[in-house]
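*Asks:* If it helps, the file is called start_2.cif and holds mmCIF, C-alpha atoms and all ligand atoms:
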```
data_my_file
#
loop_
_atom_site.group_PDB
_atom_site.id
_atom_site.type_symbol
_atom_site.label_atom_id
_atom_site.label_comp_id
_atom_site.auth_asym_id
_atom_site.auth_seq_id
_atom_site.Cartn_x
_atom_site.Cartn_y
_atom_site.Cartn_z
ATOM 1 C CA MET A 16 7.720 -38.554 -9.040
ATOM 2 C CA ILE A 17 9.857 -41.360 -10.401
ATOM 3 C CA ILE A 18 12.325 -42.935 -8.003
ATOM 4 C CA ALA A 19 15.483 -44.615 -9.222
ATOM 5 C CA ALA A 20 18.826 -45.818 -7.915
ATOM 6 C CA ARG A 21 22.165 -45.893 -9.647
ATOM 7 C CA LYS A 22 23.634 -49.111 -10.943
ATOM 8 C CA SER A 23 27.009 -50.206 -9.647
ATOM 9 C CA LEU A 24 30.066 -48.738 -11.304
ATOM 10 C CA GLU A 25 31.103 -52.215 -12.402
ATOM 11 C CA GLU A 26 27.857 -52.833 -14.270
ATOM 12 C CA ILE A 27 28.030 -49.418 -15.924
ATOM 13 C CA ARG A 28 31.638 -49.926 -16.993
ATOM 14 C CA ASN A 29 30.813 -53.314 -18.466
ATOM 15 C CA MET A 30 28.114 -51.743 -20.623
ATOM 16 C CA LEU A 31 30.514 -49.054 -21.788
ATOM 17 C CA SER A 32 33.489 -51.258 -22.506
ATOM 18 C CA GLY A 33 34.973 -50.551 -25.911
ATOM 19 C CA TYR A 34 33.706 -46.973 -26.163
ATOM 20 C CA LYS A 35 36.205 -44.136 -25.921
ATOM 21 C CA ARG A 36 34.023 -41.027 -26.095
ATOM 22 C CA ILE A 37 30.828 -40.968 -24.092
ATOM 23 C CA LEU A 38 28.238 -38.443 -22.975
ATOM 24 C CA VAL A 39 26.700 -38.789 -19.515
ATOM 25 C CA VAL A 40 23.247 -37.208 -19.472
ATOM 26 C CA GLY A 41 21.356 -36.469 -16.274
ATOM 27 C CA CYS A 42 17.744 -35.439 -15.816
ATOM 28 C CA GLY A 43 16.900 -32.296 -13.863
ATOM 29 C CA THR A 44 13.513 -33.400 -12.537
ATOM 30 C CA CYS A 45 12.457 -36.601 -10.694
ATOM 31 C CA VAL A 46 15.828 -38.310 -10.450
ATOM 32 C CA THR A 47 17.452 -35.092 -9.266
ATOM 33 C CA ILE A 48 15.146 -35.087 -6.253
ATOM 34 C CA CYS A 49 15.892 -38.724 -5.408
ATOM 35 C CA TRP A 50 19.649 -38.129 -5.778
ATOM 36 C CA ALA A 51 20.067 -40.683 -8.517
ATOM 37 C CA GLY A 52 20.652 -38.798 -11.759
ATOM 38 C CA GLY A 53 20.832 -35.025 -11.273
ATOM 39 C CA GLU A 54 23.661 -32.651 -12.063
ATOM 40 C CA LYS A 55 25.619 -33.683 -8.980
ATOM 41 C CA GLU A 56 25.281 -37.388 -9.684
ATOM 42 C CA VAL A 57 26.338 -36.835 -13.299
ATOM 43 C CA GLY A 58 29.491 -35.139 -11.994
ATOM 44 C CA ILE A 59 30.206 -37.931 -9.526
ATOM 45 C CA LEU A 60 29.664 -40.772 -11.997
ATOM 46 C CA SER A 61 31.695 -39.022 -14.705
ATOM 47 C CA SER A 62 34.527 -38.467 -12.273
ATOM 48 C CA GLN A 63 34.410 -42.107 -11.172
ATOM 49 C CA LEU A 64 34.472 -43.272 -14.788
ATOM 50 C CA ARG A 65 37.487 -41.089 -15.572
ATOM 51 C CA LEU A 66 39.348 -42.245 -12.476
ATOM 52 C CA ALA A 67 38.603 -45.919 -13.068
ATOM 53 C CA SER A 68 39.611 -45.875 -16.710
ATOM 54 C CA SER A 69 42.821 -43.936 -16.167
ATOM 55 C CA LYS A 70 43.675 -46.387 -13.382
ATOM 56 C CA ASP A 71 43.307 -49.202 -15.915
ATOM 57 C CA GLY A 72 45.383 -47.241 -18.410
ATOM 58 C CA ASN A 73 42.484 -46.686 -20.822
ATOM 59 C CA GLU A 74 41.656 -43.438 -22.530
ATOM 60 C CA LEU A 75 38.076 -42.384 -21.893
ATOM 61 C CA SER A 76 36.673 -38.993 -22.682
ATOM 62 C CA VAL A 77 33.549 -38.247 -20.667
ATOM 63 C CA MET A 78 31.310 -35.294 -21.468
ATOM 64 C CA GLU A 79 28.585 -34.206 -19.087
ATOM 65 C CA ALA A 80 25.130 -32.741 -19.688
ATOM 66 C CA VAL A 81 21.822 -32.372 -17.878
ATOM 67 C CA VAL A 82 18.422 -32.084 -19.552
ATOM 68 C CA GLU A 83 15.662 -30.417 -17.560
ATOM 69 C CA ARG A 84 13.286 -33.275 -18.423
ATOM 70 C CA GLN A 85 14.817 -36.153 -20.344
ATOM 71 C CA CYS A 86 11.392 -37.514 -21.317
ATOM 72 C CA GLU A 87 10.599 -34.409 -23.385
ATOM 73 C CA LYS A 88 11.966 -34.507 -26.903
ATOM 74 C CA GLU A 89 12.189 -30.731 -27.364
ATOM 75 C CA MET A 90 14.290 -30.333 -24.246
ATOM 76 C CA VAL A 91 16.583 -33.201 -25.167
ATOM 77 C CA ILE A 92 17.191 -31.848 -28.665
ATOM 78 C CA GLU A 93 17.792 -28.324 -27.418
ATOM 79 C CA GLU A 94 20.311 -29.447 -24.816
ATOM 80 C CA LEU A 95 22.054 -32.285 -26.627
ATOM 81 C CA GLY A 96 21.637 -31.605 -30.346
ATOM 82 C CA ASP A 97 25.184 -30.328 -30.792
ATOM 83 C CA LYS A 98 26.842 -32.602 -28.222
ATOM 84 C CA VAL A 99 25.703 -36.003 -29.471
ATOM 85 C CA PRO A 100 27.503 -36.019 -32.864
ATOM 86 C CA GLY A 101 30.873 -35.885 -31.097
ATOM 87 C CA VAL A 102 30.416 -39.003 -28.950
ATOM 88 C CA GLU A 103 30.272 -42.748 -29.566
ATOM 89 C CA ALA A 104 27.742 -43.667 -26.896
ATOM 90 C CA ILE A 105 25.363 -42.052 -24.443
ATOM 91 C CA LEU A 106 24.894 -42.991 -20.808
ATOM 92 C CA SER A 107 21.508 -41.859 -19.562
ATOM 93 C CA MET A 108 20.955 -41.011 -15.917
ATOM 94 C CA GLY A 109 17.234 -40.466 -16.434
ATOM 95 C CA CYS A 110 14.492 -42.959 -15.602
ATOM 96 C CA GLY A 111 13.422 -45.563 -18.153
ATOM 97 C CA ALA A 112 11.243 -42.985 -19.910
ATOM 98 C CA GLY A 113 14.233 -40.722 -20.389
ATOM 99 C CA VAL A 114 16.441 -43.524 -21.702
ATOM 100 C CA GLN A 115 13.808 -44.494 -24.279
ATOM 101 C CA THR A 116 13.163 -40.910 -25.349
ATOM 102 C CA MET A 117 16.837 -40.534 -26.135
ATOM 103 C CA ALA A 118 17.023 -43.922 -27.831
ATOM 104 C CA GLU A 119 14.256 -42.793 -30.145
ATOM 105 C CA LEU A 120 15.853 -39.434 -30.863
ATOM 106 C CA PHE A 121 19.408 -40.632 -31.416
ATOM 107 C CA GLU A 122 18.848 -43.880 -33.273
ATOM 108 C CA GLU A 123 22.398 -44.035 -34.576
ATOM 109 C CA LYS A 124 24.005 -43.990 -31.101
ATOM 110 C CA PRO A 125 23.886 -46.702 -28.466
ATOM 111 C CA ILE A 126 22.101 -45.489 -25.295
ATOM 112 C CA PHE A 127 22.833 -47.159 -21.977
ATOM 113 C CA PRO A 128 20.889 -46.831 -18.717
ATOM 114 C CA ALA A 129 22.913 -45.878 -15.655
ATOM 115 C CA LEU A 130 19.946 -46.151 -13.295
ATOM 116 C CA ASN A 131 17.502 -48.775 -12.157
ATOM 117 C CA THR A 132 14.060 -47.169 -12.181
ATOM 118 C CA THR A 133 12.254 -48.507 -9.162
ATOM 119 C CA PHE A 134 8.863 -46.904 -8.472
ATOM 120 C CA ILE A 135 6.545 -43.900 -8.329
ATOM 121 C CA GLY A 136 6.836 -42.356 -4.926
ATOM 122 C CA MET A 137 7.422 -39.380 -2.703
ATOM 123 C CA PRO A 138 10.258 -38.186 -0.511
ATOM 124 C CA GLU A 139 9.351 -38.933 3.116
ATOM 125 C CA LYS A 140 12.501 -37.419 4.581
ATOM 126 C CA GLU A 141 16.077 -36.987 3.455
ATOM 127 C CA GLY A 142 17.229 -40.203 1.855
ATOM 128 C CA LEU A 143 13.900 -42.033 2.262
ATOM 129 C CA TRP A 144 11.379 -42.426 -0.570
ATOM 130 C CA LEU A 145 8.084 -44.226 -0.254
ATOM 131 C CA GLU A 146 6.255 -46.064 -3.016
ATOM 132 C CA MET A 147 2.861 -44.473 -3.525
ATOM 133 C CA CYS A 148 1.371 -45.542 -6.838
ATOM 134 C CA GLY A 149 1.661 -48.526 -9.158
ATOM 135 C CA ALA A 150 0.161 -46.731 -12.175
ATOM 136 C CA CYS A 151 -2.703 -49.253 -12.305
ATOM 137 C CA GLY A 152 -4.665 -47.100 -14.735
ATOM 138 C CA ASP A 153 -7.908 -47.171 -12.736
ATOM 139 C CA CYS A 154 -7.434 -45.024 -9.677
ATOM 140 C CA PHE A 155 -9.822 -45.717 -6.820
ATOM 141 C CA LEU A 156 -8.224 -43.666 -4.079
ATOM 142 C CA ASP A 157 -11.674 -42.106 -3.525
ATOM 143 C CA ARG A 158 -12.845 -45.408 -2.060
ATOM 144 C CA THR A 159 -9.776 -46.288 -0.049
ATOM 145 C CA GLY A 160 -9.371 -43.221 2.104
ATOM 146 C CA GLY A 161 -6.520 -41.908 -0.020
ATOM 147 C CA ILE A 162 -4.313 -44.939 0.543
ATOM 148 C CA CYS A 163 -3.262 -47.005 -2.449
ATOM 149 C CA PRO A 164 -3.612 -50.717 -1.748
ATOM 150 C CA VAL A 165 -2.068 -51.669 -5.083
ATOM 151 C CA VAL A 166 1.390 -50.832 -3.803
ATOM 152 C CA ARG A 167 0.984 -50.046 -0.104
ATOM 153 C CA CYS A 168 -0.592 -53.360 0.807
ATOM 154 C CA ALA A 169 2.210 -55.889 0.909
ATOM 155 C CA LYS A 170 -0.078 -58.418 -0.777
ATOM 156 C CA GLY A 171 -1.646 -55.903 -3.141
ATOM 157 C CA LEU A 172 -5.097 -56.818 -1.789
ATOM 158 C CA LEU A 173 -7.948 -54.489 -2.646
ATOM 159 C CA ASN A 174 -10.415 -56.168 -0.295
ATOM 160 C CA GLY A 175 -8.053 -57.203 2.462
ATOM 161 C CA PRO A 176 -9.225 -57.068 6.091
ATOM 162 C CA CYS A 177 -6.620 -54.449 6.757
ATOM 163 C CA GLY A 178 -6.041 -53.618 10.374
ATOM 164 C CA GLY A 179 -2.445 -52.590 9.834
ATOM 165 C CA ASN A 180 0.428 -54.903 10.567
ATOM 166 C CA LEU A 181 1.817 -56.514 13.677
ATOM 167 C CA GLU A 182 5.384 -57.764 13.784
ATOM 168 C CA THR A 183 5.574 -57.955 9.998
ATOM 169 C CA ARG A 184 2.327 -59.964 9.671
ATOM 170 C CA CYS A 185 -1.113 -58.766 8.585
ATOM 171 C CA ARG A 186 -3.435 -58.019 11.486
ATOM 172 C CA LYS A 187 -6.955 -59.351 10.992
ATOM 173 C CA MET B 93 46.638 -41.061 -13.591
ATOM 174 C CA THR B 94 49.617 -38.965 -12.671
ATOM 175 C CA ARG B 95 50.241 -39.813 -9.068
ATOM 176 C CA GLU B 96 54.033 -39.529 -9.170
ATOM 177 C CA ASN B 97 54.011 -36.111 -7.577
ATOM 178 C CA LYS B 98 52.137 -37.558 -4.589
ATOM 179 C CA LYS B 99 50.484 -34.305 -3.761
ATOM 180 C CA ILE B 100 48.154 -34.149 -0.831
ATOM 181 C CA ILE B 101 45.285 -31.714 -0.884
ATOM 182 C CA ALA B 102 44.235 -30.380 2.520
ATOM 183 C CA PHE B 103 40.898 -28.579 2.525
ATOM 184 C CA CYS B 104 41.266 -26.423 5.637
ATOM 185 C CA CYS B 105 38.419 -24.677 7.408
ATOM 186 C CA ALA B 106 39.325 -21.021 7.907
ATOM 187 C CA GLU B 107 38.117 -21.101 11.520
ATOM 188 C CA SER B 108 40.256 -23.970 12.736
ATOM 189 C CA ALA B 109 42.549 -26.018 10.539
ATOM 190 C CA TYR B 110 43.762 -23.066 8.479
ATOM 191 C CA ARG B 111 44.684 -21.243 11.658
ATOM 192 C CA ALA B 112 46.397 -24.377 12.917
ATOM 193 C CA ALA B 113 48.403 -24.478 9.676
ATOM 194 C CA ASP B 114 49.262 -20.830 10.129
ATOM 195 C CA ARG B 115 50.378 -21.469 13.637
ATOM 196 C CA ALA B 116 52.472 -24.436 12.545
ATOM 197 C CA GLY B 117 54.250 -22.048 10.178
ATOM 198 C CA ARG B 118 54.831 -19.439 12.850
ATOM 199 C CA LEU B 119 56.167 -22.056 15.268
ATOM 200 C CA ARG B 120 58.437 -23.381 12.504
ATOM 201 C CA ILE B 121 57.065 -26.881 12.803
ATOM 202 C CA ARG B 122 58.285 -28.982 9.901
ATOM 203 C CA TYR B 123 55.888 -31.052 7.832
ATOM 204 C CA PRO B 124 56.098 -32.637 4.367
ATOM 205 C CA ASP B 125 56.093 -30.088 1.582
ATOM 206 C CA ASN B 126 53.888 -32.008 -0.820
ATOM 207 C CA VAL B 127 50.756 -30.795 0.898
ATOM 208 C CA ARG B 128 48.676 -28.099 -0.788
ATOM 209 C CA VAL B 129 46.481 -26.204 1.618
ATOM 210 C CA ILE B 130 43.177 -24.898 0.292
ATOM 211 C CA ARG B 131 41.423 -22.427 2.547
ATOM 212 C CA ILE B 132 37.674 -22.916 2.736
ATOM 213 C CA PRO B 133 35.109 -20.977 4.786
ATOM 214 C CA CYS B 134 33.832 -24.170 6.443
ATOM 215 C CA ALA B 135 34.476 -27.906 6.086
ATOM 216 C CA GLY B 136 30.836 -28.146 5.025
ATOM 217 C CA ARG B 137 31.813 -26.389 1.800
ATOM 218 C CA VAL B 138 33.671 -29.455 0.592
ATOM 219 C CA SER B 139 31.515 -31.617 -1.645
ATOM 220 C CA VAL B 140 32.083 -35.189 -2.723
ATOM 221 C CA LEU B 141 32.873 -33.863 -6.167
ATOM 222 C CA HIS B 142 35.697 -31.636 -4.833
ATOM 223 C CA ILE B 143 37.283 -34.737 -3.349
ATOM 224 C CA LEU B 144 36.903 -36.833 -6.508
ATOM 225 C CA LYS B 145 38.215 -34.009 -8.689
ATOM 226 C CA ALA B 146 41.330 -33.743 -6.552
ATOM 227 C CA PHE B 147 42.076 -37.408 -7.265
ATOM 228 C CA GLU B 148 41.182 -36.955 -10.930
ATOM 229 C CA LYS B 149 43.797 -34.200 -11.171
ATOM 230 C CA GLY B 150 46.441 -36.469 -9.713
ATOM 231 C CA ALA B 151 46.324 -35.988 -5.948
ATOM 232 C CA ALA B 152 47.468 -38.985 -3.953
ATOM 233 C CA GLY B 153 45.511 -38.120 -0.828
ATOM 234 C CA VAL B 154 42.892 -35.682 0.415
ATOM 235 C CA LEU B 155 42.426 -34.345 3.931
ATOM 236 C CA VAL B 156 39.259 -32.535 4.933
ATOM 237 C CA MET B 157 40.060 -30.513 8.017
ATOM 238 C CA GLY B 158 37.322 -28.887 10.049
ATOM 239 C CA CYS B 159 36.475 -27.798 13.569
ATOM 240 C CA GLN B 160 35.950 -30.131 16.496
ATOM 241 C CA GLU B 161 32.513 -31.691 16.588
ATOM 242 C CA GLY B 162 30.153 -29.351 18.374
ATOM 243 C CA ALA B 163 32.363 -26.349 17.670
ATOM 244 C CA CYS B 164 31.540 -25.652 14.013
ATOM 245 C CA ARG B 165 30.931 -21.971 13.484
ATOM 246 C CA HIS B 166 28.236 -22.875 10.991
ATOM 247 C CA LEU B 167 26.823 -25.444 13.421
ATOM 248 C CA THR B 168 26.805 -28.596 11.280
ATOM 249 C CA GLY B 169 29.389 -28.014 8.550
ATOM 250 C CA ASN B 170 31.863 -30.473 10.031
ATOM 251 C CA ILE B 171 29.200 -33.161 10.507
ATOM 252 C CA ARG B 172 28.181 -32.784 6.862
ATOM 253 C CA ALA B 173 31.816 -32.991 5.836
ATOM 254 C CA LYS B 174 32.244 -36.186 7.858
ATOM 255 C CA GLU B 175 29.329 -37.844 6.064
ATOM 256 C CA ARG B 176 30.586 -36.686 2.683
ATOM 257 C CA VAL B 177 34.055 -38.048 3.365
ATOM 258 C CA LYS B 178 32.446 -41.379 4.257
ATOM 259 C CA TYR B 179 30.526 -41.333 0.969
ATOM 260 C CA ALA B 180 33.653 -40.340 -0.971
ATOM 261 C CA LYS B 181 35.512 -43.303 0.526
ATOM 262 C CA ASP B 182 32.859 -45.667 -0.853
ATOM 263 C CA LEU B 183 32.946 -44.012 -4.274
ATOM 264 C CA LEU B 184 36.734 -44.274 -4.389
ATOM 265 C CA LYS B 185 36.660 -47.906 -3.330
ATOM 266 C CA GLU B 186 34.321 -48.609 -6.247
ATOM 267 C CA VAL B 187 36.959 -47.119 -8.522
ATOM 268 C CA GLY B 188 39.716 -49.192 -6.919
ATOM 269 C CA ILE B 189 41.374 -46.448 -4.874
ATOM 270 C CA ASN B 190 41.970 -47.172 -1.199
ATOM 271 C CA GLY B 191 39.399 -45.278 0.872
ATOM 272 C CA GLN B 192 42.119 -44.449 3.409
ATOM 273 C CA ARG B 193 43.469 -41.892 0.997
ATOM 274 C CA VAL B 194 40.753 -39.511 2.075
ATOM 275 C CA LYS B 195 40.325 -38.582 5.704
ATOM 276 C CA MET B 196 38.283 -36.221 7.828
ATOM 277 C CA VAL B 197 40.164 -34.587 10.689
ATOM 278 C CA ASN B 198 38.783 -32.347 13.444
ATOM 279 C CA PHE B 199 40.853 -29.496 14.804
ATOM 280 C CA GLY B 200 41.066 -26.645 17.219
ATOM 281 C CA PRO B 201 42.748 -23.505 15.847
ATOM 282 C CA ASP B 202 45.731 -23.963 18.178
ATOM 283 C CA MET B 203 46.546 -27.553 17.197
ATOM 284 C CA ALA B 204 49.619 -26.864 15.096
ATOM 285 C CA GLN B 205 51.358 -30.106 16.078
ATOM 286 C CA LYS B 206 48.349 -32.152 15.115
ATOM 287 C CA PHE B 207 48.228 -30.452 11.736
ATOM 288 C CA ALA B 208 51.802 -31.506 11.010
ATOM 289 C CA ARG B 209 51.196 -35.004 12.356
ATOM 290 C CA GLU B 210 48.119 -35.624 10.202
ATOM 291 C CA ILE B 211 50.005 -34.662 7.065
ATOM 292 C CA GLU B 212 52.920 -36.882 7.982
ATOM 293 C CA GLU B 213 50.533 -39.769 8.602
ATOM 294 C CA MET B 214 48.894 -39.335 5.222
ATOM 295 C CA VAL B 215 52.296 -39.225 3.519
ATOM 296 C CA GLU B 216 53.252 -42.467 5.283
ATOM 297 C CA LYS B 217 50.005 -44.142 4.268
ATOM 298 C CA ILE B 218 50.586 -43.270 0.645
ATOM 299 C CA LYS B 219 54.181 -44.523 0.785
ATOM 300 C CA GLU B 220 53.085 -47.847 2.295
ATOM 301 C CA GLU B 221 50.676 -48.417 -0.551
ATOM 302 C CA LYS B 222 53.163 -47.863 -3.334
HETATM 303 S S1 LIG A 301 12.942 -38.634 -17.702
HETATM 304 FE FE1 LIG A 301 10.986 -37.640 -17.166
HETATM 305 S S2 LIG A 301 9.901 -39.070 -15.797
HETATM 306 FE FE2 LIG A 301 12.063 -39.735 -15.950
HETATM 307 S S3 LIG A 301 13.092 -38.798 -14.209
HETATM 308 FE FE3 LIG A 301 13.324 -37.363 -15.912
HETATM 309 S S4 LIG A 301 11.533 -35.967 -15.774
HETATM 310 FE FE4 LIG A 301 11.102 -37.740 -14.466
HETATM 311 S S1 LIG A 302 -5.164 -46.934 -7.245
HETATM 312 FE FE1 LIG A 302 -3.034 -46.794 -6.614
HETATM 313 S S2 LIG A 302 -1.857 -47.647 -8.326
HETATM 314 FE FE2 LIG A 302 -3.908 -47.179 -9.109
HETATM 315 S S3 LIG A 302 -3.674 -45.117 -9.944
HETATM 316 FE FE3 LIG A 302 -4.466 -44.892 -7.861
HETATM 317 S S4 LIG A 302 -2.614 -44.598 -6.621
HETATM 318 FE FE4 LIG A 302 -1.924 -45.416 -8.574
#
```
Turn the structure described in the file into structure tokens.
Ligand code: SF4
Ligand code: SF4

*Replies:*
Amino acid sequence: MIIAARKSLEEIRNMLSGYKRILVVGCGTCVTICWAGGEKEVGILSSQLRLASSKDGNELSVMEAVVERQCEKEMVIEELGDKVPGVEAILSMGCGAGVQTMAELFEEKPIFPALNTTFIGMPEKEGLWLEMCGACGDCFLDRTGGICPVVRCAKGLLNGPCGGNLETRCRK
Amino acid sequence: MTRENKKIIAFCCAESAYRAADRAGRLRIRYPDNVRVIRIPCAGRVSVLHILKAFEKGAAGVLVMGCQEGACRHLTGNIRAKERVKYAKDLLKEVGINGQRVKMVNFGPDMAQKFAREIEEMVEKIKEEK
């Protein structure tokens, strides 16, 4: 799945400055699992945005929505079709694919990313995600014992003399 | 934000803090009247969003009151609450609200005095800031 992390509130607010009615859209799949852009995170970010703007004395109306998969046009249209006309800008809490899907669908509205998409990975334990694949387009896991050197070797070596690592250095 | 009323929301675990509040009432212990007690089945029920929403609606402070560590009826509810309060503090700081306005407190059901004291302390903290 896709792993992402939320941008700082300051960065998000800078992107949104000048807009009075926004829609925060989460994604119910990958970024829900990595706690970056699911329903809960949409609620938290929206609440933070409301608090911060009312503290500054600005009016900001924040609507919330979650699309099951933000990278699927049908799902986005079904969930957001009637919500988008009422807002000035959209803040996407999906990965980069989600942001671009929405940008394509709602050409007339500015779409801003609230997350930094970081890698393809898996949840190791609560709060820890490991990078597993660099989407190289030519998978050779059959020859590497099921371990991806593209991203799991610190140097990205495919023919490295890998004996693991010792005190942060490669072991010969 | 309407903070003039300076309300304090106290999320009280039914097993400990709520009983302590009850006891404070029965013993006629005085404490500030701007606290609103919300009875919850366990401190672990309180989510970060509950805390943020309280501030959104104009609360000046939030207390999450659960059992003593090791004594949670649901085993880890109070530990979860502690972590969530920590997280909420960071989120509030990002917004520009002092993280001290939210606090986790651990109670036994008989600690009526402590209940009153914690509320007084929170009221003082809020006054100092204004
Ligand atoms: S937009 Fe698609 S790929 Fe991105 S997090 Fe959501 S489901 Fe995953
Ligand atoms: S070799 Fe590694 S980066 Fe390439 S497709 Fe396979 S897992 Fe992904």

*Asks:* Any idea which chain A residues end up within 8 Å of chain B if we count all atoms listed in the file, as a VMD selection string please?

*Replies:* chain A and resid 24 to 25 55 58 to 59 62 to 67 69 to 70 72

*Asks:* Would you save the residues of that selection, restricted to C-alpha atoms, as a compact mmCIF listing (two decimals), in the frame of the given file?

*Replies:*
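As written to disk, selection18.txt reads:
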```txt
# COMPACT_ATOMS: atom_id res chain seq x y z
CA LEU A 24 30.07 -48.74 -11.30
CA GLU A 25 31.10 -52.22 -12.40
CA LYS A 55 25.62 -33.68 -8.98
CA GLY A 58 29.49 -35.14 -11.99
CA ILE A 59 30.21 -37.93 -9.53
CA SER A 62 34.53 -38.47 -12.27
CA GLN A 63 34.41 -42.11 -11.17
CA LEU A 64 34.47 -43.27 -14.79
CA ARG A 65 37.49 -41.09 -15.57
CA LEU A 66 39.35 -42.24 -12.48
CA ALA A 67 38.60 -45.92 -13.07
CA SER A 69 42.82 -43.94 -16.17
CA LYS A 70 43.68 -46.39 -13.38
CA GLY A 72 45.38 -47.24 -18.41
```

*Asks:* Identify, counting only C-alpha atoms and all ligand atoms, the protein, DNA and RNA residues located within 6 Å of ligand LIG 301 (chain A), and give them as a ChimeraX atom specification.

*Replies:* /A:17,42,44-46,84-86,109-110,112-113

*Asks:* Print the selection's residues with C-alpha atoms to a file, as a PDB file, in the coordinates of the input.

*Replies:*
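Once written, result-v6.pdb looks like this:
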```pdb
ATOM      1  CA  ILE A  17       9.857 -41.360 -10.401  1.00  0.00           C
ATOM      2  CA  CYS A  42      17.744 -35.439 -15.816  1.00  0.00           C
ATOM      3  CA  THR A  44      13.513 -33.400 -12.537  1.00  0.00           C
ATOM      4  CA  CYS A  45      12.457 -36.601 -10.694  1.00  0.00           C
ATOM      5  CA  VAL A  46      15.828 -38.310 -10.450  1.00  0.00           C
ATOM      6  CA  ARG A  84      13.286 -33.275 -18.423  1.00  0.00           C
ATOM      7  CA  GLN A  85      14.817 -36.153 -20.344  1.00  0.00           C
ATOM      8  CA  CYS A  86      11.392 -37.514 -21.317  1.00  0.00           C
ATOM      9  CA  GLY A 109      17.234 -40.466 -16.434  1.00  0.00           C
ATOM     10  CA  CYS A 110      14.492 -42.959 -15.602  1.00  0.00           C
ATOM     11  CA  ALA A 112      11.243 -42.985 -19.910  1.00  0.00           C
ATOM     12  CA  GLY A 113      14.233 -40.722 -20.389  1.00  0.00           C
TER      13      GLY A 113
END
```

*Asks:* I need the residue set behind the PyMOL selection byres (((chain A and resi 124) around 10) and not hetatm) for this file; please write it as an mmCIF file with C-alpha atoms, keeping the file's coordinate frame.

*Replies:*
```cif
data_model
loop_
_atom_site.group_PDB
_atom_site.id
_atom_site.type_symbol
_atom_site.label_atom_id
_atom_site.label_comp_id
_atom_site.auth_asym_id
_atom_site.auth_seq_id
_atom_site.Cartn_x
_atom_site.Cartn_y
_atom_site.Cartn_z
ATOM 1 C CA VAL A 99 25.703 -36.003 -29.471
ATOM 2 C CA PRO A 100 27.503 -36.019 -32.864
ATOM 3 C CA VAL A 102 30.416 -39.003 -28.950
ATOM 4 C CA GLU A 103 30.272 -42.748 -29.566
ATOM 5 C CA ALA A 104 27.742 -43.667 -26.896
ATOM 6 C CA ILE A 105 25.363 -42.052 -24.443
ATOM 7 C CA MET A 117 16.837 -40.534 -26.135
ATOM 8 C CA ALA A 118 17.023 -43.922 -27.831
ATOM 9 C CA GLU A 119 14.256 -42.793 -30.145
ATOM 10 C CA LEU A 120 15.853 -39.434 -30.863
ATOM 11 C CA PHE A 121 19.408 -40.632 -31.416
ATOM 12 C CA GLU A 122 18.848 -43.880 -33.273
ATOM 13 C CA GLU A 123 22.398 -44.035 -34.576
ATOM 14 C CA PRO A 125 23.886 -46.702 -28.466
ATOM 15 C CA ILE A 126 22.101 -45.489 -25.295
ATOM 16 C CA PHE A 127 22.833 -47.159 -21.977
#
```

*Asks:* How would you report the residues lying within 6 Å of ligand LIG 302 (chain A), as an MDAnalysis selection string, if you count all atoms listed in the file?

*Replies:* chainID A and resid 148:156 163 165

*Asks:* Set the distance at 10 Å and use only C-alpha atoms: which residues neighbour Ala116 of chain B once local chain neighbours fewer than 3 positions away are removed? I'd like the list as a PyMOL selection string.

*Replies:* chain B and resi 110-113+119-123+202-208

*Asks:* Hey, what comes out of the PyMOL selection byres (((chain A and resi 167) around 12) and not hetatm) on this file? Could you write it as a PyMOL selection string?

*Replies:* chain A and resi 134-136+145-149+156+159+161-166+168-173+175+177+179-180

*Asks:* Mind pulling up the distance from atom CA of Val156 of chain B to atom CA of Gly200 of chain B?

*Replies:* 13.7 Å

*Asks:* Figure out the distance between atom CA of Asn170 of chain B and atom CA of Ala146 of chain B, please, to one decimal in Å.

*Replies:*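 Atom-to-atom, atom CA of Ala146 of chain B to atom CA of Asn170 of chain B, that is 19.4 Å.
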
*Asks:* Which residues would end up in the selection if the PyMOL selection byres (((chain A and resi 49) around 9) and not hetatm) were applied here, given that I need the answer as a list in words?

*Replies:*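 For this structure, the PyMOL selection byres (((chain A and resi 49) around 9) and not hetatm) resolves to Met16, Ile17, Ile18, Ala19, Ala20, Cys45, Val46, Thr47, Ile48, Trp50, Ala51, Gly52, Gly53, Met137, Pro138, Gly142, Leu143 and Trp144 of chain A.
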
*Asks:* Given the selection you just returned, output its residues as a file containing C-alpha atoms, formatted as an mmCIF file, in the coordinates of the input.

*Replies:*
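Written output follows (selection_30.cif):
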```cif
data_model
loop_
_atom_site.group_PDB
_atom_site.id
_atom_site.type_symbol
_atom_site.label_atom_id
_atom_site.label_comp_id
_atom_site.auth_asym_id
_atom_site.auth_seq_id
_atom_site.Cartn_x
_atom_site.Cartn_y
_atom_site.Cartn_z
ATOM 1 C CA MET A 16 7.720 -38.554 -9.040
ATOM 2 C CA ILE A 17 9.857 -41.360 -10.401
ATOM 3 C CA ILE A 18 12.325 -42.935 -8.003
ATOM 4 C CA ALA A 19 15.483 -44.615 -9.222
ATOM 5 C CA ALA A 20 18.826 -45.818 -7.915
ATOM 6 C CA CYS A 45 12.457 -36.601 -10.694
ATOM 7 C CA VAL A 46 15.828 -38.310 -10.450
ATOM 8 C CA THR A 47 17.452 -35.092 -9.266
ATOM 9 C CA ILE A 48 15.146 -35.087 -6.253
ATOM 10 C CA TRP A 50 19.649 -38.129 -5.778
ATOM 11 C CA ALA A 51 20.067 -40.683 -8.517
ATOM 12 C CA GLY A 52 20.652 -38.798 -11.759
ATOM 13 C CA GLY A 53 20.832 -35.025 -11.273
ATOM 14 C CA MET A 137 7.422 -39.380 -2.703
ATOM 15 C CA PRO A 138 10.258 -38.186 -0.511
ATOM 16 C CA GLY A 142 17.229 -40.203 1.855
ATOM 17 C CA LEU A 143 13.900 -42.033 2.262
ATOM 18 C CA TRP A 144 11.379 -42.426 -0.570
#
```
